[in-house]
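Asks: target_10.pdb is the file, holding PDB, C-alpha atoms:
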ATOM      1  CA  MET S   1     -15.661  24.600  10.260
ATOM      2  CA  THR S   2     -13.964  23.625   6.984
ATOM      3  CA  GLU S   3     -14.925  20.837   4.622
ATOM      4  CA  ILE S   4     -12.004  18.764   5.953
ATOM      5  CA  ASP S   5     -13.210  19.294   9.543
ATOM      6  CA  ASP S   6     -16.640  18.014   8.503
ATOM      7  CA  LEU S   7     -15.038  14.961   6.935
ATOM      8  CA  VAL S   8     -13.048  14.262  10.092
ATOM      9  CA  ILE S   9     -16.216  14.418  12.170
ATOM     10  CA  ILE S  10     -18.076  12.100   9.793
ATOM     11  CA  ARG S  11     -15.247   9.560   9.734
ATOM     12  CA  THR S  12     -14.656   9.606  13.481
ATOM     13  CA  GLU S  13     -18.390   9.443  14.189
ATOM     14  CA  ARG S  14     -18.480   6.198  12.232
ATOM     15  CA  HIS S  15     -15.590   4.806  14.290
ATOM     16  CA  ARG S  16     -16.439   5.756  17.857
ATOM     17  CA  SER S  17     -14.113   3.116  19.274
ATOM     18  CA  PRO S  18     -11.123   4.589  21.132
ATOM     19  CA  SER S  19      -8.881   2.214  19.197
ATOM     20  CA  ILE S  20      -5.817   3.949  17.761
ATOM     21  CA  ARG S  21      -6.096   1.685  14.714
ATOM     22  CA  LYS S  22      -9.556   2.936  13.851
ATOM     23  CA  GLU S  23      -8.736   6.554  14.604
ATOM     24  CA  GLY S  24      -5.643   6.233  12.425
ATOM     25  CA  ARG S  25      -7.664   4.608   9.679
ATOM     26  CA  ALA S  26     -10.099   7.532   9.711
ATOM     27  CA  VAL S  27      -7.239   9.986   9.297
ATOM     28  CA  ALA S  28      -5.636   7.842   6.596
ATOM     29  CA  GLU S  29      -8.917   7.871   4.648
ATOM     30  CA  ILE S  30      -8.797  11.644   4.614
ATOM     31  CA  LEU S  31      -5.235  11.544   3.323
ATOM     32  CA  ASP S  32      -6.195   9.131   0.523
ATOM     33  CA  PRO S  33      -9.973   9.367  -0.042
ATOM     34  CA  ALA S  34      -9.770   7.304  -3.232
ATOM     35  CA  THR S  35      -9.149   4.221  -1.086
ATOM     36  CA  PRO S  36     -12.094   3.873   1.305
ATOM     37  CA  HIS S  37     -11.739   1.397   4.148
ATOM     38  CA  HIS S  38     -14.242  -1.355   4.661
ATOM     39  CA  GLU S  39     -14.308  -2.567   8.248
ATOM     40  CA  THR S  40     -14.237  -6.219   7.166
ATOM     41  CA  GLN S  41     -11.182  -5.894   4.923
ATOM     42  CA  PRO S  42      -7.572  -6.170   5.995
ATOM     43  CA  GLU S  43      -5.400  -3.163   5.165
ATOM     44  CA  VAL S  44      -1.841  -3.394   3.859
ATOM     45  CA  LEU S  45       0.693  -0.573   3.633
ATOM     46  CA  PHE S  46       3.712  -1.004   1.338
ATOM     47  CA  VAL S  47       6.665   1.264   2.143
ATOM     48  CA  CYS S  48       9.902   1.892   0.268
ATOM     49  CA  VAL S  49      12.217   4.889   0.153
ATOM     50  CA  HIS S  50      10.869   6.840  -2.825
ATOM     51  CA  ASN S  51       7.410   5.239  -3.276
ATOM     52  CA  SER S  52       8.155   5.199  -6.971
ATOM     53  CA  GLY S  53       9.012   1.567  -7.674
ATOM     54  CA  ARG S  54       8.705  -1.453  -5.391
ATOM     55  CA  SER S  55       5.938  -0.183  -3.114
ATOM     56  CA  GLN S  56       3.881   1.123  -6.042
ATOM     57  CA  MET S  57       4.262  -2.144  -7.945
ATOM     58  CA  ALA S  58       3.333  -4.188  -4.854
ATOM     59  CA  ALA S  59       0.257  -2.009  -4.245
ATOM     60  CA  GLY S  60      -0.886  -2.342  -7.857
ATOM     61  CA  LEU S  61      -0.388  -6.103  -7.792
ATOM     62  CA  LEU S  62      -2.224  -6.505  -4.482
ATOM     63  CA  LYS S  63      -5.188  -4.490  -5.768
ATOM     64  CA  LEU S  64      -5.331  -6.641  -8.900
ATOM     65  CA  ARG S  65      -4.789 -10.039  -7.294
ATOM     66  CA  SER S  66      -7.063  -9.501  -4.280
ATOM     67  CA  GLY S  67      -9.964  -8.355  -6.442
ATOM     68  CA  GLY S  68     -10.564  -5.452  -4.041
ATOM     69  CA  LYS S  69     -10.828  -7.690  -0.968
ATOM     70  CA  ILE S  70      -7.787  -6.078   0.652
ATOM     71  CA  ASN S  71      -7.442  -2.347   1.178
ATOM     72  CA  VAL S  72      -3.992  -1.266   0.000
ATOM     73  CA  ARG S  73      -1.833   1.842   0.289
ATOM     74  CA  SER S  74       1.771   2.703  -0.454
ATOM     75  CA  ALA S  75       4.131   5.371   0.815
ATOM     76  CA  GLY S  76       7.770   6.407   0.860
ATOM     77  CA  SER S  77      10.115   7.571   3.590
ATOM     78  CA  ALA S  78      11.551  10.125   1.094
ATOM     79  CA  PRO S  79       9.040  10.236  -1.809
ATOM     80  CA  GLY S  80      10.343  10.755  -5.312
ATOM     81  CA  GLU S  81       8.838  13.024  -7.925
ATOM     82  CA  GLU S  82       7.270  10.399 -10.197
ATOM     83  CA  ILE S  83       6.621   6.680 -10.547
ATOM     84  CA  ASN S  84       9.453   4.756 -12.221
ATOM     85  CA  PRO S  85       8.471   4.553 -15.935
ATOM     86  CA  ASN S  86       9.627   0.926 -16.199
ATOM     87  CA  ALA S  87       7.512   0.028 -13.164
ATOM     88  CA  VAL S  88       4.508   1.603 -14.898
ATOM     89  CA  LEU S  89       5.259  -0.324 -18.115
ATOM     90  CA  THR S  90       5.666  -3.696 -16.393
ATOM     91  CA  LEU S  91       2.396  -3.262 -14.514
ATOM     92  CA  ALA S  92       0.618  -2.159 -17.704
ATOM     93  CA  GLU S  93       1.668  -5.511 -19.205
ATOM     94  CA  LEU S  94      -0.614  -7.115 -16.590
ATOM     95  CA  GLY S  95      -3.448  -4.642 -17.178
ATOM     96  CA  ILE S  96      -2.679  -2.483 -14.129
ATOM     97  CA  ASP S  97      -3.225   1.225 -14.795
ATOM     98  CA  MET S  98      -0.842   3.397 -12.788
ATOM     99  CA  SER S  99      -1.771   6.681 -14.511
ATOM    100  CA  GLU S 100      -3.313   8.097 -11.320
ATOM    101  CA  ALA S 101      -0.534   6.883  -8.986
ATOM    102  CA  PHE S 102       2.009   9.261  -7.499
ATOM    103  CA  PRO S 103       4.655   9.040  -4.754
ATOM    104  CA  LYS S 104       3.190   9.723  -1.305
ATOM    105  CA  PRO S 105       4.952  10.460   1.983
ATOM    106  CA  LEU S 106       4.967   7.945   4.791
ATOM    107  CA  THR S 107       2.767   9.239   7.617
ATOM    108  CA  ASP S 108       2.215   8.064  11.133
ATOM    109  CA  GLU S 109      -1.506   7.874  10.383
ATOM    110  CA  ALA S 110      -1.034   5.539   7.406
ATOM    111  CA  VAL S 111       0.990   3.138   9.575
ATOM    112  CA  ARG S 112      -1.608   3.260  12.345
ATOM    113  CA  ALA S 113      -4.362   2.502   9.835
ATOM    114  CA  ALA S 114      -2.631  -0.594   8.450
ATOM    115  CA  ASP S 115      -3.021  -4.140   9.694
ATOM    116  CA  VAL S 116       0.115  -5.230   7.812
ATOM    117  CA  VAL S 117       3.109  -2.990   7.045
ATOM    118  CA  ILE S 118       5.558  -4.278   4.446
ATOM    119  CA  THR S 119       8.821  -2.404   4.072
ATOM    120  CA  MET S 120      11.229  -2.677   1.173
ATOM    121  CA  GLY S 121      14.567  -1.026   1.778
ATOM    122  CA  CYS S 122      13.471   1.920   3.912
ATOM    123  CA  GLY S 123      15.434   0.940   7.012
ATOM    124  CA  ASP S 124      14.221   2.349  10.323
ATOM    125  CA  ALA S 125      12.059   5.104   8.795
ATOM    126  CA  CYS S 126       8.812   3.261   9.477
ATOM    127  CA  PRO S 127       7.270   3.788  12.925
ATOM    128  CA  ILE S 128       6.591   0.624  14.910
ATOM    129  CA  TYR S 129       3.263   0.122  16.702
ATOM    130  CA  PRO S 130       2.268  -2.840  18.850
ATOM    131  CA  GLY S 131      -0.306  -5.164  17.335
ATOM    132  CA  LYS S 132       0.760  -4.589  13.730
ATOM    133  CA  ARG S 133       2.239  -7.231  11.490
ATOM    134  CA  TYR S 134       5.538  -6.057   9.995
ATOM    135  CA  GLU S 135       7.511  -7.683   7.197
ATOM    136  CA  ASP S 136      10.631  -6.544   5.396
ATOM    137  CA  TRP S 137      10.790  -7.777   1.815
ATOM    138  CA  LYS S 138      14.349  -7.712   0.497
ATOM    139  CA  LEU S 139      14.121  -6.920  -3.216
ATOM    140  CA  ASP S 140      16.276  -5.142  -5.760
ATOM    141  CA  ASP S 141      15.403  -1.494  -6.354
ATOM    142  CA  PRO S 142      14.038  -0.981  -9.887
ATOM    143  CA  ALA S 143      15.497   2.558 -10.057
ATOM    144  CA  GLY S 144      17.833   2.804 -13.056
ATOM    145  CA  GLN S 145      17.224  -0.819 -14.076
ATOM    146  CA  ASP S 146      16.390  -2.037 -17.579
ATOM    147  CA  LEU S 147      12.918  -3.300 -18.429
ATOM    148  CA  ASP S 148      13.795  -7.005 -18.131
ATOM    149  CA  THR S 149      15.225  -6.478 -14.637
ATOM    150  CA  VAL S 150      12.118  -4.559 -13.568
ATOM    151  CA  ARG S 151       9.956  -7.398 -14.950
ATOM    152  CA  ARG S 152      11.914  -9.847 -12.762
ATOM    153  CA  ILE S 153      11.342  -7.607  -9.717
ATOM    154  CA  ARG S 154       7.636  -7.342 -10.612
ATOM    155  CA  ASP S 155       7.343 -11.116 -10.893
ATOM    156  CA  GLU S 156       9.046 -11.639  -7.526
ATOM    157  CA  LEU S 157       6.692  -9.084  -5.977
ATOM    158  CA  ASP S 158       3.736 -10.835  -7.596
ATOM    159  CA  GLN S 159       4.694 -14.164  -5.995
ATOM    160  CA  ARG S 160       5.021 -12.524  -2.568
ATOM    161  CA  VAL S 161       1.745 -10.633  -2.992
ATOM    162  CA  GLN S 162      -0.108 -13.822  -3.890
ATOM    163  CA  LYS S 163       1.340 -15.562  -0.818
ATOM    164  CA  LEU S 164       0.259 -12.584   1.331
ATOM    165  CA  ILE S 165      -3.274 -12.787  -0.065
ATOM    166  CA  GLY S 166      -3.395 -16.471   0.858
ATOM    167  CA  GLU S 167      -2.414 -15.562   4.430
ATOM    168  CA  LEU S 168      -4.829 -12.633   4.779
ATOM    169  CA  LEU S 169      -7.750 -14.230   2.926
ATOM    170  CA  PRO S 170      -7.162 -17.964   3.412
ATOM    171  CA  GLN S 171     -10.595 -18.920   2.079
ATOM    172  CA  ASN S 172      -9.824 -17.185  -1.220
ATOM    173  CA  THR S 173      -7.168 -17.598  -3.846
ATOM    174  CA  PRO S 174      -5.623 -14.677  -5.724
ATOM    175  CA  THR S 175      -7.720 -13.351  -8.571
ATOM    176  CA  ASP S 176      -6.227 -13.699 -12.043
ATOM    177  CA  THR S 177      -7.708 -10.896 -14.072
TER     178      THR S 177
END
Please go through the file and, once you have read it, give me the structure as structure tokens.
Replies:
Amino acid sequence: MTEIDDLVIIRTERHRSPSIRKEGRAVAEILDPATPHHETQPEVLFVCVHNSGRSQMAAGLLKLRSGGKINVRSAGSAPGEEINPNAVLTLAELGIDMSEAFPKPLTDEAVRAADVVITMGCGDACPIYPGKRYEDWKLDDPAGQDLDTVRRIRDELDQRVQKLIGELLPQNTPTDT
């Protein structure tokens, strides 16, 4: 048995429920071990085409504004090679470090693990599962845009993220850090 097999057993032992959501969450944790799931936290998946702009910015903003109270992931239907440099700069202006971020492929398991799936321009690439909340946020793509335009996109994402936090954690307000 390999180390990954051991990890699968440990994760699935913890979630004995036959629920697809929990089984998917266990697999998604293996795919992104830096983002552990806490059973009491909602999980949001942001999806765009290249996972190099909008979805990465939304994920960074949600992590910051929720103060870690929402588990967040991002993915792309056709991942790019790197994060948009202007997206990285605009998030750094808010104190968000994207140095460890990289474009990730959209997987069936990541969608199954999420409570909320937010798409941004990826069309029909995202699988649909019953019982999930889906939203499509129509936003400009920051690819090839100047810094001021990417700041505007970031600010629009920030407003939407803060509204989402209010819906998912109604007893809390977004954290300004």
Asks: Quick check on the file I pasted: which residues fall under the PyMOL selection byres ((chain S and resi 69-73) around 7)? Write them as a list in words.
Replies: His37, Gln41, Pro42, Glu43, Val44, Leu45, Phe46, Ala59, Lys63, Ser66, Gly67, Gly68, Ser74 and Ala75 of chain S
Asks: Pull out every residue that the PyMOL selection byres ((chain S and resi 82) around 12) matches in the shown coordinates and put them as an MDAnalysis selection string.
Replies: chainID S and resid 50:53 56 76 79:81 83:88 98:104 143
Asks: Taking only C-alpha atoms into account, which of S:Gln159, S:Lys138, S:Val47, S:Gly95 comes nearest Val117 in chain S?
Replies: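 Among S:Gln159, S:Lys138, S:Val47, S:Gly95, it is S:Val47 that comes nearest to Val117 in chain S.
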Asks: Within 8 Å of (4.0, 0.7, 12.6) (coordinates as in the file), grab all the protein and nucleic acid residues, counting only C-alpha atoms, and write them out as JSON, numbers by chain.
Replies: {"S": [108, 111, 112, 114, 117, 126, 127, 128, 129, 130, 132, 134]}
Asks: May I have the residues within 9 Å of Ile153 in chain S as a PyMOL selection string, using all atoms listed in the file and disregarding those fewer than 4 positions away in the same chain?
Replies: chain S and resi 54+139-142+148-149+157-158
Asks: So the first atom is CA of Asp136 in chain S and the second is CA of Ser77 in chain S; what is the distance between them in Å, to one decimal place?
Replies: 14.2 Å
Asks: Work out how far CA of Asp155 in chain S is from CA of Thr119 in chain S, in Å to one decimal.
Replies: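 Between CA of Thr119 in chain S and CA of Asp155 in chain S the gap is 17.4 Å.
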Asks: Write a file for range 114-157 of chain S of the given structure; include N, CA and C atoms and format it as a PDB file, in the first residue's frame.
Replies:
ATOM      1  N   ALA S 114     -17.538  20.487  -2.855  1.00  0.00           N
ATOM      2  CA  ALA S 114     -17.989  21.852  -2.592  1.00  0.00           C
ATOM      3  C   ALA S 114     -19.462  21.911  -2.198  1.00  0.00           C
ATOM      4  N   ASP S 115     -19.771  22.867  -1.340  1.00  0.00           N
ATOM      5  CA  ASP S 115     -21.157  23.182  -1.021  1.00  0.00           C
ATOM      6  C   ASP S 115     -21.687  24.212  -2.007  1.00  0.00           C
ATOM      7  N   VAL S 116     -20.803  25.139  -2.422  1.00  0.00           N
ATOM      8  CA  VAL S 116     -21.148  26.195  -3.366  1.00  0.00           C
ATOM      9  C   VAL S 116     -20.116  26.170  -4.478  1.00  0.00           C
ATOM     10  N   VAL S 117     -20.589  26.181  -5.732  1.00  0.00           N
ATOM     11  CA  VAL S 117     -19.711  26.225  -6.901  1.00  0.00           C
ATOM     12  C   VAL S 117     -20.023  27.518  -7.643  1.00  0.00           C
ATOM     13  N   ILE S 118     -19.007  28.365  -7.780  1.00  0.00           N
ATOM     14  CA  ILE S 118     -19.179  29.636  -8.478  1.00  0.00           C
ATOM     15  C   ILE S 118     -18.331  29.610  -9.734  1.00  0.00           C
ATOM     16  N   THR S 119     -19.010  29.733 -10.863  1.00  0.00           N
ATOM     17  CA  THR S 119     -18.322  29.721 -12.160  1.00  0.00           C
ATOM     18  C   THR S 119     -18.198  31.151 -12.674  1.00  0.00           C
ATOM     19  N   MET S 120     -17.146  31.343 -13.460  1.00  0.00           N
ATOM     20  CA  MET S 120     -16.892  32.665 -14.049  1.00  0.00           C
ATOM     21  C   MET S 120     -16.371  32.470 -15.468  1.00  0.00           C
ATOM     22  N   GLY S 121     -17.282  32.310 -16.393  1.00  0.00           N
ATOM     23  CA  GLY S 121     -16.905  32.246 -17.799  1.00  0.00           C
ATOM     24  C   GLY S 121     -16.443  30.895 -18.295  1.00  0.00           C
ATOM     25  N   CYS S 122     -16.754  29.811 -17.585  1.00  0.00           N
ATOM     26  CA  CYS S 122     -16.275  28.508 -18.049  1.00  0.00           C
ATOM     27  C   CYS S 122     -17.374  27.703 -18.753  1.00  0.00           C
ATOM     28  N   GLY S 123     -18.505  28.310 -18.993  1.00  0.00           N
ATOM     29  CA  GLY S 123     -19.556  27.649 -19.758  1.00  0.00           C
ATOM     30  C   GLY S 123     -20.063  26.382 -19.104  1.00  0.00           C
ATOM     31  N   ASP S 124     -20.209  25.331 -19.906  1.00  0.00           N
ATOM     32  CA  ASP S 124     -20.771  24.065 -19.429  1.00  0.00           C
ATOM     33  C   ASP S 124     -19.717  23.086 -18.933  1.00  0.00           C
ATOM     34  N   ALA S 125     -18.482  23.539 -18.710  1.00  0.00           N
ATOM     35  CA  ALA S 125     -17.410  22.625 -18.322  1.00  0.00           C
ATOM     36  C   ALA S 125     -17.573  22.058 -16.919  1.00  0.00           C
ATOM     37  N   CYS S 126     -18.348  22.729 -16.079  1.00  0.00           N
ATOM     38  CA  CYS S 126     -18.472  22.313 -14.691  1.00  0.00           C
ATOM     39  C   CYS S 126     -19.583  21.276 -14.533  1.00  0.00           C
ATOM     40  N   PRO S 127     -19.260  20.116 -13.959  1.00  0.00           N
ATOM     41  CA  PRO S 127     -20.303  19.106 -13.743  1.00  0.00           C
ATOM     42  C   PRO S 127     -21.353  19.601 -12.758  1.00  0.00           C
ATOM     43  N   ILE S 128     -22.576  19.172 -12.955  1.00  0.00           N
ATOM     44  CA  ILE S 128     -23.695  19.585 -12.108  1.00  0.00           C
ATOM     45  C   ILE S 128     -24.123  18.400 -11.240  1.00  0.00           C
ATOM     46  N   TYR S 129     -24.207  18.634  -9.929  1.00  0.00           N
ATOM     47  CA  TYR S 129     -24.655  17.612  -8.990  1.00  0.00           C
ATOM     48  C   TYR S 129     -25.841  18.145  -8.207  1.00  0.00           C
ATOM     49  N   PRO S 130     -26.831  17.311  -7.962  1.00  0.00           N
ATOM     50  CA  PRO S 130     -27.967  17.746  -7.150  1.00  0.00           C
ATOM     51  C   PRO S 130     -27.509  18.119  -5.735  1.00  0.00           C
ATOM     52  N   GLY S 131     -28.188  19.087  -5.159  1.00  0.00           N
ATOM     53  CA  GLY S 131     -27.897  19.474  -3.783  1.00  0.00           C
ATOM     54  C   GLY S 131     -26.780  20.485  -3.634  1.00  0.00           C
ATOM     55  N   LYS S 132     -26.181  20.902  -4.732  1.00  0.00           N
ATOM     56  CA  LYS S 132     -25.126  21.919  -4.687  1.00  0.00           C
ATOM     57  C   LYS S 132     -25.731  23.268  -5.049  1.00  0.00           C
ATOM     58  N   ARG S 133     -25.165  24.297  -4.509  1.00  0.00           N
ATOM     59  CA  ARG S 133     -25.555  25.655  -4.894  1.00  0.00           C
ATOM     60  C   ARG S 133     -24.601  26.096  -5.992  1.00  0.00           C
ATOM     61  N   TYR S 134     -25.159  26.516  -7.127  1.00  0.00           N
ATOM     62  CA  TYR S 134     -24.359  26.977  -8.258  1.00  0.00           C
ATOM     63  C   TYR S 134     -24.686  28.437  -8.550  1.00  0.00           C
ATOM     64  N   GLU S 135     -23.649  29.210  -8.813  1.00  0.00           N
ATOM     65  CA  GLU S 135     -23.812  30.594  -9.253  1.00  0.00           C
ATOM     66  C   GLU S 135     -22.855  30.831 -10.400  1.00  0.00           C
ATOM     67  N   ASP S 136     -23.269  31.684 -11.330  1.00  0.00           N
ATOM     68  CA  ASP S 136     -22.382  32.091 -12.413  1.00  0.00           C
ATOM     69  C   ASP S 136     -22.184  33.596 -12.288  1.00  0.00           C
ATOM     70  N   TRP S 137     -20.962  33.993 -11.951  1.00  0.00           N
ATOM     71  CA  TRP S 137     -20.645  35.406 -11.809  1.00  0.00           C
ATOM     72  C   TRP S 137     -20.101  35.913 -13.139  1.00  0.00           C
ATOM     73  N   LYS S 138     -20.795  36.832 -13.744  1.00  0.00           N
ATOM     74  CA  LYS S 138     -20.363  37.413 -15.019  1.00  0.00           C
ATOM     75  C   LYS S 138     -19.417  38.577 -14.711  1.00  0.00           C
ATOM     76  N   LEU S 139     -18.164  38.384 -15.044  1.00  0.00           N
ATOM     77  CA  LEU S 139     -17.113  39.375 -14.795  1.00  0.00           C
ATOM     78  C   LEU S 139     -16.179  39.418 -15.987  1.00  0.00           C
ATOM     79  N   ASP S 140     -15.554  40.569 -16.199  1.00  0.00           N
ATOM     80  CA  ASP S 140     -14.531  40.656 -17.237  1.00  0.00           C
ATOM     81  C   ASP S 140     -13.370  39.739 -16.886  1.00  0.00           C
ATOM     82  N   ASP S 141     -12.701  39.228 -17.911  1.00  0.00           N
ATOM     83  CA  ASP S 141     -11.511  38.406 -17.730  1.00  0.00           C
ATOM     84  C   ASP S 141     -10.311  39.335 -17.585  1.00  0.00           C
ATOM     85  N   PRO S 142      -9.508  39.182 -16.538  1.00  0.00           N
ATOM     86  CA  PRO S 142      -8.346  40.061 -16.366  1.00  0.00           C
ATOM     87  C   PRO S 142      -7.183  39.766 -17.333  1.00  0.00           C
ATOM     88  N   ALA S 143      -7.264  38.685 -18.087  1.00  0.00           N
ATOM     89  CA  ALA S 143      -6.173  38.340 -19.011  1.00  0.00           C
ATOM     90  C   ALA S 143      -5.943  39.483 -20.004  1.00  0.00           C
ATOM     91  N   GLY S 144      -4.696  39.947 -20.071  1.00  0.00           N
ATOM     92  CA  GLY S 144      -4.312  40.991 -21.017  1.00  0.00           C
ATOM     93  C   GLY S 144      -4.766  42.387 -20.634  1.00  0.00           C
ATOM     94  N   GLN S 145      -5.349  42.550 -19.454  1.00  0.00           N
ATOM     95  CA  GLN S 145      -5.853  43.856 -19.029  1.00  0.00           C
ATOM     96  C   GLN S 145      -4.776  44.624 -18.266  1.00  0.00           C
ATOM     97  N   ASP S 146      -4.903  45.962 -18.284  1.00  0.00           N
ATOM     98  CA  ASP S 146      -3.963  46.789 -17.519  1.00  0.00           C
ATOM     99  C   ASP S 146      -4.286  46.699 -16.026  1.00  0.00           C
ATOM    100  N   LEU S 147      -3.384  47.204 -15.218  1.00  0.00           N
ATOM    101  CA  LEU S 147      -3.490  47.079 -13.769  1.00  0.00           C
ATOM    102  C   LEU S 147      -4.758  47.742 -13.215  1.00  0.00           C
ATOM    103  N   ASP S 148      -5.132  48.901 -13.731  1.00  0.00           N
ATOM    104  CA  ASP S 148      -6.334  49.571 -13.235  1.00  0.00           C
ATOM    105  C   ASP S 148      -7.591  48.756 -13.532  1.00  0.00           C
ATOM    106  N   THR S 149      -7.645  48.128 -14.695  1.00  0.00           N
ATOM    107  CA  THR S 149      -8.796  47.288 -15.041  1.00  0.00           C
ATOM    108  C   THR S 149      -8.852  46.068 -14.131  1.00  0.00           C
ATOM    109  N   VAL S 150      -7.708  45.475 -13.849  1.00  0.00           N
ATOM    110  CA  VAL S 150      -7.673  44.303 -12.963  1.00  0.00           C
ATOM    111  C   VAL S 150      -8.062  44.721 -11.536  1.00  0.00           C
ATOM    112  N   ARG S 151      -7.686  45.908 -11.115  1.00  0.00           N
ATOM    113  CA  ARG S 151      -8.122  46.408  -9.798  1.00  0.00           C
ATOM    114  C   ARG S 151      -9.654  46.516  -9.749  1.00  0.00           C
ATOM    115  N   ARG S 152     -10.259  47.017 -10.824  1.00  0.00           N
ATOM    116  CA  ARG S 152     -11.716  47.130 -10.885  1.00  0.00           C
ATOM    117  C   ARG S 152     -12.363  45.757 -10.789  1.00  0.00           C
ATOM    118  N   ILE S 153     -11.799  44.774 -11.494  1.00  0.00           N
ATOM    119  CA  ILE S 153     -12.317  43.395 -11.434  1.00  0.00           C
ATOM    120  C   ILE S 153     -12.156  42.846 -10.018  1.00  0.00           C
ATOM    121  N   ARG S 154     -10.992  43.083  -9.413  1.00  0.00           N
ATOM    122  CA  ARG S 154     -10.752  42.645  -8.029  1.00  0.00           C
ATOM    123  C   ARG S 154     -11.784  43.243  -7.082  1.00  0.00           C
ATOM    124  N   ASP S 155     -12.047  44.536  -7.229  1.00  0.00           N
ATOM    125  CA  ASP S 155     -12.990  45.204  -6.339  1.00  0.00           C
ATOM    126  C   ASP S 155     -14.409  44.673  -6.523  1.00  0.00           C
ATOM    127  N   GLU S 156     -14.794  44.371  -7.756  1.00  0.00           N
ATOM    128  CA  GLU S 156     -16.108  43.780  -7.999  1.00  0.00           C
ATOM    129  C   GLU S 156     -16.181  42.378  -7.383  1.00  0.00           C
ATOM    130  N   LEU S 157     -15.120  41.606  -7.532  1.00  0.00           N
ATOM    131  CA  LEU S 157     -15.063  40.293  -6.892  1.00  0.00           C
ATOM    132  C   LEU S 157     -15.157  40.422  -5.374  1.00  0.00           C
TER     133      LEU S 157
END
